[in-house]
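Engineer: Next comes the structure file start22.txt, holding compact mmCIF, C-alpha atoms.
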```txt
# COMPACT_ATOMS: atom_id res chain seq x y z
CA MET G 259 -114.84 -122.83 122.55
CA ARG G 260 -112.35 -124.21 125.10
CA THR G 261 -108.68 -124.36 124.06
CA THR G 262 -106.61 -127.36 125.19
CA TYR G 263 -102.90 -126.61 125.37
CA LYS G 264 -100.60 -129.50 124.60
CA ALA G 265 -96.92 -130.18 125.18
CA HIS G 266 -94.52 -132.43 123.28
CA ILE G 267 -92.09 -134.52 125.35
CA HIS G 268 -89.90 -137.09 123.52
CA GLY G 269 -92.46 -137.14 120.71
CA THR G 270 -95.39 -137.83 123.03
CA VAL G 271 -98.22 -135.29 123.17
CA PHE G 272 -99.57 -134.51 126.63
CA PRO G 273 -102.53 -132.24 127.43
CA PHE G 274 -101.34 -129.57 129.85
CA PHE G 275 -103.23 -131.03 132.79
CA MET G 276 -101.60 -134.44 132.22
CA LEU G 277 -97.98 -133.26 132.12
CA PRO G 278 -95.62 -135.41 134.21
CA LEU G 279 -94.28 -133.68 137.29
CA TRP G 280 -90.74 -134.90 136.57
CA ILE G 281 -89.00 -134.00 133.31
CA PRO G 282 -85.57 -135.50 132.46
CA HIS G 283 -82.65 -133.12 132.90
CA GLY G 284 -81.64 -133.40 129.23
CA LEU G 285 -84.86 -131.85 127.97
CA ARG G 286 -85.17 -128.22 127.10
CA PRO G 287 -87.59 -126.00 128.97
CA LEU G 288 -91.10 -127.07 128.05
CA ARG G 289 -92.78 -125.47 125.04
CA ILE G 290 -96.57 -125.16 124.93
CA GLN G 291 -98.13 -123.98 121.66
CA GLY G 292 -94.87 -122.22 120.78
CA TYR G 293 -94.37 -120.63 124.19
CA TYR G 294 -91.93 -121.53 126.95
CA LEU G 295 -92.75 -122.41 130.52
CA GLY G 296 -90.26 -120.62 132.69
CA SER G 297 -89.95 -117.28 134.35
CA LEU G 298 -92.91 -115.05 133.54
CA GLN G 299 -90.79 -111.91 133.63
CA ALA G 300 -88.58 -110.96 130.72
CA ASP G 301 -84.99 -110.11 131.59
CA ASN G 302 -82.30 -108.50 129.47
CA THR G 303 -79.71 -108.33 132.23
CA GLY G 304 -76.17 -108.67 131.00
CA GLY G 305 -76.80 -107.87 127.35
CA ASP G 306 -79.22 -108.43 124.51
CA CYS G 307 -79.75 -111.75 122.80
CA PRO G 308 -77.58 -112.05 119.68
CA PRO G 309 -79.67 -111.94 116.48
CA GLU G 310 -78.50 -115.38 115.36
CA CYS G 311 -79.90 -117.05 118.48
CA ASP G 312 -83.21 -117.46 120.28
CA CYS G 313 -83.62 -116.23 123.87
CA PRO G 314 -87.20 -116.90 124.98
CA PRO G 315 -88.43 -114.00 127.13
CA THR G 316 -90.27 -116.42 129.37
CA PHE G 317 -87.07 -118.37 130.04
CA PRO G 318 -84.42 -115.63 130.09
CA VAL G 319 -81.48 -117.74 131.30
CA ALA G 320 -81.45 -120.05 128.25
CA MET G 321 -80.04 -119.27 124.81
CA TYR G 322 -80.71 -121.49 121.79
CA CYS G 323 -78.25 -121.24 118.92
CA ASP G 324 -78.40 -124.85 117.75
CA GLY G 325 -78.52 -125.74 114.05
CA ARG G 326 -77.86 -122.18 112.85
CA GLY G 327 -74.80 -122.85 110.71
CA LEU G 328 -72.58 -120.87 113.09
CA LYS G 329 -68.81 -120.95 112.60
CA VAL G 330 -67.85 -118.76 115.55
CA MET G 331 -69.10 -118.39 119.09
CA PRO G 332 -71.91 -115.84 119.55
CA THR G 333 -71.92 -113.11 122.18
CA ILE G 334 -73.28 -114.54 125.43
CA PRO G 335 -75.26 -112.31 127.82
CA SER G 336 -74.06 -112.71 131.39
CA ARG G 337 -77.45 -113.90 132.69
CA MET G 338 -77.30 -117.10 130.64
CA LYS G 339 -77.10 -120.42 132.47
CA TYR G 340 -77.99 -122.79 129.62
CA LEU G 341 -76.38 -122.46 126.21
CA TYR G 342 -77.30 -124.74 123.31
CA LEU G 343 -74.82 -124.61 120.41
CA GLN G 344 -75.03 -128.14 119.04
CA ASN G 345 -75.24 -128.91 115.31
CA ASN G 346 -73.16 -126.01 114.05
CA ALA G 347 -69.69 -125.67 112.47
CA ILE G 348 -67.85 -123.95 115.33
CA THR G 349 -64.12 -124.74 115.36
CA ALA G 350 -62.91 -123.02 118.55
CA VAL G 351 -64.00 -121.58 121.89
CA PRO G 352 -61.69 -118.61 122.51
CA ASP G 353 -61.37 -117.20 126.01
CA SER G 354 -62.98 -113.96 124.89
CA SER G 355 -66.22 -115.73 123.99
CA LEU G 356 -66.81 -116.83 127.59
CA VAL G 357 -65.55 -113.79 129.47
CA ASN G 358 -69.07 -112.44 129.91
CA ALA G 359 -70.67 -115.85 130.57
CA THR G 360 -70.16 -115.74 134.32
CA ASN G 361 -73.31 -117.72 135.21
CA LEU G 362 -73.06 -120.47 132.60
CA VAL G 363 -73.90 -123.96 133.93
CA TRP G 364 -74.66 -126.02 130.80
CA LEU G 365 -72.73 -125.77 127.53
CA MET G 366 -73.97 -128.05 124.74
CA MET G 367 -71.53 -128.11 121.81
CA HIS G 368 -71.92 -131.59 120.37
CA TYR G 369 -71.86 -131.98 116.59
CA ASN G 370 -69.48 -129.12 115.80
CA GLN G 371 -65.93 -129.04 114.44
CA LEU G 372 -64.01 -128.26 117.62
CA THR G 373 -60.36 -129.11 118.01
CA SER G 374 -58.70 -129.45 121.41
CA ASP G 375 -58.83 -125.84 122.54
CA LYS G 376 -59.24 -125.20 126.23
CA ILE G 377 -62.63 -124.39 127.70
CA GLY G 378 -62.04 -122.88 131.10
CA GLU G 379 -65.35 -121.32 132.10
CA LYS G 380 -65.70 -121.56 135.88
CA GLY G 381 -68.97 -122.89 137.24
CA LEU G 382 -69.84 -125.18 134.33
CA GLU G 383 -71.57 -128.40 135.41
CA ARG G 384 -72.40 -130.02 132.07
CA LEU G 385 -70.20 -129.91 128.99
CA TYR G 386 -71.18 -131.83 125.85
CA LEU G 387 -68.42 -132.04 123.23
CA GLN G 388 -69.25 -135.31 121.50
CA HIS G 389 -69.01 -135.58 117.69
CA ASN G 390 -66.27 -133.00 117.21
CA ASN G 391 -62.65 -133.15 116.01
CA LEU G 392 -60.93 -133.36 119.39
CA THR G 393 -57.59 -135.18 119.56
CA ARG G 394 -57.32 -134.77 123.33
CA ILE G 395 -59.50 -133.70 126.21
CA PRO G 396 -59.43 -129.89 126.24
CA ARG G 397 -56.99 -128.46 128.75
CA ASN G 398 -57.94 -126.61 131.92
CA LEU G 399 -61.55 -127.73 131.96
CA PRO G 400 -63.58 -126.24 134.82
CA ARG G 401 -63.23 -128.22 138.04
CA SER G 402 -66.93 -127.74 138.70
CA LEU G 403 -67.95 -130.22 135.96
CA ARG G 404 -70.34 -133.00 136.90
CA ASP G 405 -71.09 -134.37 133.42
CA LEU G 406 -68.42 -134.46 130.67
CA ARG G 407 -69.12 -136.01 127.27
CA VAL G 408 -66.31 -136.23 124.74
CA SER G 409 -67.37 -139.36 122.87
CA HIS G 410 -67.11 -139.75 119.08
CA ASN G 411 -63.90 -137.77 118.70
CA SER G 412 -60.29 -138.76 117.88
CA ILE G 413 -58.81 -138.80 121.38
CA GLU G 414 -55.87 -141.23 121.65
CA LYS G 415 -54.65 -140.74 125.21
CA VAL G 416 -55.98 -139.50 128.54
CA THR G 417 -53.46 -138.15 131.05
CA PRO G 418 -53.84 -137.37 134.77
CA ALA G 419 -53.51 -133.67 133.96
CA ASP G 420 -56.60 -133.83 131.72
CA LEU G 421 -58.90 -134.68 134.64
CA GLU G 422 -56.95 -133.27 137.56
CA GLY G 423 -59.03 -131.69 140.30
CA MET G 424 -62.40 -132.82 138.98
CA ASP G 425 -63.74 -133.86 142.36
CA ASN G 426 -67.36 -133.31 141.32
CA LEU G 427 -67.35 -135.30 138.08
CA THR G 428 -69.97 -138.06 138.22
CA ILE G 429 -70.42 -138.92 134.51
CA LEU G 430 -67.66 -139.38 131.92
CA TYR G 431 -68.45 -140.48 128.37
CA LEU G 432 -65.29 -141.26 126.39
CA HIS G 433 -66.66 -143.95 124.10
CA ASP G 434 -65.92 -144.20 120.38
CA ASN G 435 -62.51 -142.58 120.36
CA ALA G 436 -59.05 -144.10 119.77
CA VAL G 437 -57.83 -144.24 123.37
CA THR G 438 -54.99 -146.71 123.92
CA ASP G 439 -53.95 -145.71 127.42
CA MET G 440 -55.52 -143.92 130.38
CA GLY G 441 -52.71 -144.35 132.88
CA THR G 442 -53.80 -143.21 136.34
CA SER G 443 -56.04 -140.43 135.00
CA LEU G 444 -59.08 -141.73 136.93
CA LYS G 445 -57.41 -141.83 140.31
CA GLY G 446 -58.66 -138.48 141.57
CA LEU G 447 -62.25 -138.74 140.33
CA LYS G 448 -63.70 -139.54 143.73
CA SER G 449 -67.30 -138.75 142.70
CA LEU G 450 -67.35 -140.67 139.39
CA MET G 451 -70.31 -143.04 139.09
CA LEU G 452 -70.50 -143.76 135.34
CA LEU G 453 -67.53 -144.44 133.06
CA ASP G 454 -68.01 -145.33 129.41
CA VAL G 455 -64.81 -146.05 127.47
CA SER G 456 -66.31 -148.55 125.04
CA GLY G 457 -65.32 -148.48 121.40
CA ASN G 458 -61.67 -147.56 121.97
CA LYS G 459 -58.32 -149.38 121.58
CA LEU G 460 -57.70 -150.35 125.19
CA LYS G 461 -55.76 -153.54 125.87
CA LYS G 462 -56.21 -153.42 129.63
CA VAL G 463 -58.72 -152.16 132.15
CA PRO G 464 -58.04 -148.56 133.22
CA GLN G 465 -56.05 -148.31 136.44
CA ALA G 466 -57.30 -146.95 139.77
CA LEU G 467 -61.02 -147.19 139.13
CA PRO G 468 -62.84 -144.72 141.42
CA GLU G 469 -64.40 -146.25 144.53
CA ARG G 470 -67.88 -144.82 143.92
CA LEU G 471 -68.14 -146.21 140.38
CA HIS G 472 -71.59 -147.64 139.70
CA GLN G 473 -71.53 -148.37 135.96
CA LEU G 474 -68.52 -149.45 133.87
CA TYR G 475 -68.72 -149.86 130.10
CA LEU G 476 -65.71 -151.38 128.30
CA GLU G 477 -67.28 -153.02 125.24
CA PHE G 478 -65.53 -153.11 121.86
CA ASN G 479 -61.93 -152.89 123.04
CA SER G 480 -59.04 -155.39 122.90
CA ILE G 481 -58.84 -156.37 126.57
CA ASP G 482 -57.64 -159.96 127.06
CA SER G 483 -57.20 -160.11 130.82
CA LEU G 484 -58.30 -158.54 134.09
CA PRO G 485 -56.06 -157.42 136.97
CA ASP G 486 -56.03 -159.22 140.30
CA ASP G 487 -58.54 -157.77 142.73
CA PHE G 488 -60.29 -156.13 139.78
CA LEU G 489 -63.39 -155.31 141.85
CA GLY G 490 -61.72 -155.09 145.25
CA ARG G 491 -61.95 -151.30 145.58
CA VAL G 492 -65.11 -150.65 143.56
CA THR G 493 -67.60 -152.22 145.94
CA GLN G 494 -70.49 -150.10 144.66
CA LEU G 495 -70.16 -151.29 141.06
CA GLN G 496 -73.43 -152.81 139.81
CA TYR G 497 -73.16 -152.87 136.00
CA ILE G 498 -70.18 -154.20 134.01
CA ARG G 499 -70.27 -154.52 130.24
CA MET G 500 -67.24 -156.04 128.55
CA ALA G 501 -68.72 -157.56 125.41
CA HIS G 502 -66.63 -157.73 122.23
CA ASN G 503 -63.19 -157.99 123.82
CA GLU G 504 -60.52 -160.74 123.83
CA LEU G 505 -61.10 -162.21 127.31
CA THR G 506 -60.04 -165.81 127.95
CA ASP G 507 -60.44 -168.07 130.99
CA LYS G 508 -56.76 -167.65 131.78
CA GLY G 509 -57.13 -163.88 131.79
CA ILE G 510 -59.80 -163.83 134.52
CA PRO G 511 -58.45 -164.40 138.07
CA PRO G 512 -60.47 -166.91 140.18
CA ASN G 513 -63.72 -165.57 141.65
CA THR G 514 -63.28 -162.16 140.06
CA PHE G 515 -67.04 -161.81 139.55
CA ASN G 516 -68.10 -163.75 142.63
CA VAL G 517 -68.81 -160.54 144.55
CA THR G 518 -72.03 -159.27 146.02
CA GLY G 519 -73.45 -156.06 144.62
CA LEU G 520 -73.19 -156.85 140.91
CA VAL G 521 -76.56 -156.68 139.15
CA GLU G 522 -75.57 -157.09 135.49
CA LEU G 523 -72.50 -158.68 133.87
CA ASP G 524 -72.01 -158.78 130.11
CA LEU G 525 -69.07 -160.90 128.87
CA SER G 526 -70.58 -161.84 125.52
CA TYR G 527 -68.51 -162.05 122.34
CA ASN G 528 -65.24 -162.98 124.02
CA LYS G 529 -63.16 -166.19 124.03
CA LEU G 530 -64.31 -167.88 127.24
CA GLU G 531 -64.47 -171.68 127.38
CA ARG G 532 -65.96 -171.92 130.86
CA ILE G 533 -68.67 -170.11 132.77
CA PRO G 534 -66.90 -167.94 135.36
CA PRO G 535 -68.15 -168.24 138.97
CA VAL G 536 -70.57 -165.46 139.82
CA SER G 537 -72.32 -164.34 142.99
CA THR G 538 -75.77 -165.72 143.81
CA THR G 539 -76.96 -162.09 143.93
CA LEU G 540 -76.23 -161.44 140.23
CA GLN G 541 -79.45 -160.86 138.25
CA HIS G 542 -78.42 -160.68 134.58
CA LEU G 543 -75.56 -162.61 132.94
CA TYR G 544 -74.72 -162.42 129.23
CA LEU G 545 -72.24 -165.00 127.92
CA GLN G 546 -73.47 -165.54 124.38
CA ALA G 547 -71.04 -165.99 121.47
CA ASN G 548 -68.10 -167.37 123.45
CA GLN G 549 -66.55 -170.86 123.21
CA ILE G 550 -68.14 -172.37 126.32
CA LYS G 551 -68.21 -176.17 126.23
CA GLU G 552 -69.87 -177.11 129.51
CA PHE G 553 -72.79 -175.94 131.65
CA THR G 554 -71.24 -175.82 135.12
CA LEU G 555 -74.00 -175.39 137.68
CA GLY G 556 -71.38 -174.73 140.34
CA SER G 557 -70.65 -171.41 138.66
CA PHE G 558 -74.01 -170.21 139.92
CA CYS G 559 -74.65 -172.22 143.10
CA SER G 560 -72.13 -173.95 145.36
CA ILE G 561 -75.00 -175.07 147.64
CA VAL G 562 -78.66 -175.45 146.71
CA ASP G 563 -81.47 -175.59 149.27
CA VAL G 564 -84.49 -173.57 150.35
CA THR G 565 -82.48 -170.44 151.15
CA ASN G 566 -79.43 -170.93 148.91
CA PHE G 567 -80.07 -170.34 145.23
CA SER G 568 -79.16 -167.95 142.43
CA ARG G 569 -81.06 -164.70 141.91
CA LEU G 570 -80.36 -164.79 138.17
CA GLN G 571 -83.29 -163.62 136.07
CA THR G 572 -81.55 -163.59 132.67
CA LEU G 573 -78.94 -166.06 131.42
CA ARG G 574 -77.67 -165.96 127.83
CA LEU G 575 -75.50 -168.86 126.66
CA ASP G 576 -76.57 -169.08 123.02
CA GLY G 577 -73.85 -169.10 120.39
CA ASN G 578 -71.55 -171.36 122.42
CA GLU G 579 -70.61 -175.04 122.06
CA ILE G 580 -73.38 -176.39 124.29
CA SER G 581 -77.06 -177.13 123.78
CA SER G 582 -80.14 -177.40 125.97
CA GLN G 583 -79.34 -181.10 126.47
CA ASP G 584 -76.19 -180.09 128.38
CA VAL G 585 -78.17 -178.23 131.04
CA PRO G 586 -78.30 -180.36 134.25
CA THR G 587 -81.74 -181.45 135.37
CA ASP G 588 -81.26 -179.96 138.83
CA SER G 589 -80.54 -176.52 137.42
CA ALA G 590 -84.19 -175.61 138.02
CA LEU G 591 -83.51 -175.56 141.76
CA CYS G 592 -80.46 -173.33 141.50
CA LEU G 593 -81.88 -171.05 138.79
CA ARG G 594 -85.46 -171.00 140.08
CA LEU G 595 -85.89 -167.24 139.49
CA ALA G 596 -84.62 -167.23 135.91
CA SER G 597 -87.30 -166.09 133.49
CA THR G 598 -84.97 -166.25 130.46
CA ILE G 599 -82.38 -168.97 129.82
CA GLU G 600 -81.08 -169.15 126.26
CA VAL G 601 -78.69 -171.94 125.28
```
Transcribe the structure of this file into structure tokens.
Structural biologist:
Amino acid sequence: MRTTYKAHIHGTVFPFFMLPLWIPHGLRPLRIQGYYLGSLQADNTGGDCPPECDCPPTFPVAMYCDGRGLKVMPTIPSRMKYLYLQNNAITAVPDSSLVNATNLVWLMMHYNQLTSDKIGEKGLERLYLQHNNLTRIPRNLPRSLRDLRVSHNSIEKVTPADLEGMDNLTILYLHDNAVTDMGTSLKGLKSLMLLDVSGNKLKKVPQALPERLHQLYLEFNSIDSLPDDFLGRVTQLQYIRMAHNELTDKGIPPNTFNVTGLVELDLSYNKLERIPPVSTTLQHLYLQANQIKEFTLGSFCSIVDVTNFSRLQTLRLDGNEISSQDVPTDSALCLRLASTIEV
């Protein structure tokens, strides 16, 4: 009888011969019928696996200690590159616990009970600390970090010293904290591409947004205005989400969003009374649940002809003070690519 090995990826079962060639970075090494795909040669270099953890012999550089009820850090063999410690009750990461972890690249410690102790392991690229008890970003974080996640904590302030020297950081998740001020803490993050500070207590947009920023998430704050030249330096920004703030027409300088490069703009659930002018290259615009009283076609197209028209595909205006009868008859020429218009 022929045996068909199967693998589970995100809940989907694949026969071995149908496995996708690309597997998302966040996934663990692939398990097939209880075995790991990885190195075929067992390796105990740098110490034995602690009894409370799982170190698959076929993937010797990964150590799984997640969901074990741990309260303290386990001993880490020096060969380990990937350490999974999420869903425990660990309260601190003392220096001694990482002394031997000289090759560590990923450290997953979300859903623990960490306070703001420093984590200074050199060489770390990914550090997941979401859903802990942090009141600040841990001090002296490794400058090698590329992906830092400290969301769902109790952080109130971010200082320049917290992120100093992080030239390689590309992803920063700070959402669902209590941040009121970020000062100029982002100024030196020259590689940052994704910033999520939604669900905080910000009253203004963070200063000195990095030039390479690609995605900016500011939903669920208390921002009522935007600075002049808001997007002047961040020419690579494509996605802006600012839903559930306090934005008014007066608080948005003229032509703030009339810049090429933007793909998606979400200003829903604010206090706008007019449609702000946007670039003809914008593809998705969300303005629902504001106080908009007029459908101004000039916000989308200043000139309409064969070659001049809006590239909008999605336009949400529902939950405002206009109806479908307020949409000009010639809007079909300007918005000829729109597949969804909700009023």
Engineer: Please provide the set of residues having any atom within 6 Å of stretch 506-514 of chain G, restricted to all atoms listed in the file, with same-chain residues fewer than 3 positions apart removed, written as a VMD selection string.
Structural biologist: chain G and resid 483 to 484 529 to 530 535
Engineer: When you count only C-alpha atoms, which of these residues is closest to G:Phe478: G:Val463, G:Asp434, G:Asp576, G:Lys445?
Structural biologist: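 Closest candidate: G:Asp434.
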Engineer: So that I can see what lies close to G:Ala419, please list as a list in words the residues with an atom at most 10 Å from it, counting all atoms listed in the file and leaving out residues fewer than 3 positions away in the same chain.
Structural biologist: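 That gives Ile395, Arg397, Asn398, Val416, Glu422, Gly423, Thr442 and Ser443 of chain G.
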Engineer: List the spatial neighbours of G:Tyr497 as an MDAnalysis selection string - criterion: any atom at most 8 Å away, all atoms listed in the file, same-chain residues fewer than 5 positions off excluded.
Structural biologist: chainID G and resid 472:475 520:523
Engineer: To one decimal place, how far is atom CA of G:Ile377 from atom CA of G:Asn358 in Å?
Structural biologist: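 Spanning atom CA of G:Ile377 to atom CA of G:Asn358 is a straight-line distance of 13.8 Å.
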Engineer: For atom CA of G:Val319 and atom CA of G:Pro396, determine how far apart the two atoms are, in Å to one decimal place.
Structural biologist: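 One can read the atom CA of G:Val319 to atom CA of G:Pro396 distance as 25.7 Å.
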Engineer: Which residues, written as a ChimeraX atom specification, have at least one atom at most 8 Å from G:Lys551, with only C-alpha atoms counted and residues fewer than 6 positions away on the same chain left out?
Structural biologist: /G:531-532,578-580
Engineer: Enter the distance from atom CA of G:Val536 to atom CA of G:Phe558, in Å, rounded to one decimal.
Structural biologist: 5.9 Å
Engineer: What would stretch 386-402 of chain G look like with N, CA, C and O atoms restored, written as an mmCIF file, in the coordinates of the input?
Structural biologist:
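Now in part17.cif:
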```
data_model
loop_
_atom_site.group_PDB
_atom_site.id
_atom_site.type_symbol
_atom_site.label_atom_id
_atom_site.label_comp_id
_atom_site.auth_asym_id
_atom_site.auth_seq_id
_atom_site.Cartn_x
_atom_site.Cartn_y
_atom_site.Cartn_z
ATOM 1 N N TYR G 386 -70.970 -130.808 126.882
ATOM 2 C CA TYR G 386 -71.180 -131.830 125.850
ATOM 3 C C TYR G 386 -70.349 -131.463 124.634
ATOM 4 O O TYR G 386 -70.622 -130.475 123.953
ATOM 5 N N LEU G 387 -69.334 -132.282 124.350
ATOM 6 C CA LEU G 387 -68.420 -132.040 123.230
ATOM 7 C C LEU G 387 -68.331 -133.241 122.298
ATOM 8 O O LEU G 387 -67.385 -133.354 121.527
ATOM 9 N N GLN G 388 -69.299 -134.131 122.360
ATOM 10 C CA GLN G 388 -69.250 -135.310 121.500
ATOM 11 C C GLN G 388 -69.439 -134.937 120.025
ATOM 12 O O GLN G 388 -69.978 -133.905 119.700
ATOM 13 N N HIS G 389 -68.919 -135.797 119.141
ATOM 14 C CA HIS G 389 -69.010 -135.580 117.690
ATOM 15 C C HIS G 389 -68.343 -134.267 117.284
ATOM 16 O O HIS G 389 -68.947 -133.405 116.655
ATOM 17 N N ASN G 390 -67.076 -134.124 117.665
ATOM 18 C CA ASN G 390 -66.270 -133.000 117.210
ATOM 19 C C ASN G 390 -64.980 -133.546 116.609
ATOM 20 O O ASN G 390 -64.931 -134.709 116.193
ATOM 21 N N ASN G 391 -63.937 -132.724 116.570
ATOM 22 C CA ASN G 391 -62.650 -133.150 116.010
ATOM 23 C C ASN G 391 -61.552 -133.114 117.068
ATOM 24 O O ASN G 391 -60.389 -132.834 116.764
ATOM 25 N N LEU G 392 -61.896 -133.421 118.304
ATOM 26 C CA LEU G 392 -60.930 -133.360 119.390
ATOM 27 C C LEU G 392 -59.905 -134.491 119.280
ATOM 28 O O LEU G 392 -60.264 -135.639 119.020
ATOM 29 N N THR G 393 -58.647 -134.160 119.516
ATOM 30 C CA THR G 393 -57.590 -135.180 119.560
ATOM 31 C C THR G 393 -57.104 -135.404 120.988
ATOM 32 O O THR G 393 -56.310 -136.290 121.238
ATOM 33 N N ARG G 394 -57.594 -134.594 121.897
ATOM 34 C CA ARG G 394 -57.320 -134.770 123.330
ATOM 35 C C ARG G 394 -58.453 -134.101 124.098
ATOM 36 O O ARG G 394 -59.220 -133.316 123.547
ATOM 37 N N ILE G 395 -58.549 -134.408 125.363
ATOM 38 C CA ILE G 395 -59.500 -133.700 126.210
ATOM 39 C C ILE G 395 -59.016 -132.265 126.368
ATOM 40 O O ILE G 395 -57.846 -132.036 126.651
ATOM 41 N N PRO G 396 -59.881 -131.290 126.138
ATOM 42 C CA PRO G 396 -59.430 -129.890 126.240
ATOM 43 C C PRO G 396 -58.769 -129.603 127.584
ATOM 44 O O PRO G 396 -59.169 -130.125 128.630
ATOM 45 N N ARG G 397 -57.762 -128.767 127.550
ATOM 46 C CA ARG G 397 -56.990 -128.460 128.750
ATOM 47 C C ARG G 397 -57.745 -127.494 129.662
ATOM 48 O O ARG G 397 -58.568 -126.709 129.216
ATOM 49 N N ASN G 398 -57.418 -127.557 130.923
ATOM 50 C CA ASN G 398 -57.940 -126.610 131.920
ATOM 51 C C ASN G 398 -59.462 -126.557 131.953
ATOM 52 O O ASN G 398 -60.060 -125.481 132.058
ATOM 53 N N LEU G 399 -60.090 -127.705 131.855
ATOM 54 C CA LEU G 399 -61.550 -127.730 131.960
ATOM 55 C C LEU G 399 -61.961 -127.292 133.365
ATOM 56 O O LEU G 399 -61.222 -127.483 134.334
ATOM 57 N N PRO G 400 -63.142 -126.704 133.494
ATOM 58 C CA PRO G 400 -63.580 -126.240 134.820
ATOM 59 C C PRO G 400 -63.698 -127.391 135.815
ATOM 60 O O PRO G 400 -64.218 -128.461 135.490
ATOM 61 N N ARG G 401 -63.211 -127.177 137.013
ATOM 62 C CA ARG G 401 -63.230 -128.220 138.040
ATOM 63 C C ARG G 401 -64.621 -128.445 138.609
ATOM 64 O O ARG G 401 -64.826 -129.382 139.383
ATOM 65 N N SER G 402 -65.554 -127.609 138.221
ATOM 66 C CA SER G 402 -66.930 -127.740 138.700
ATOM 67 C C SER G 402 -67.745 -128.762 137.911
ATOM 68 O O SER G 402 -68.877 -129.060 138.280
#
```
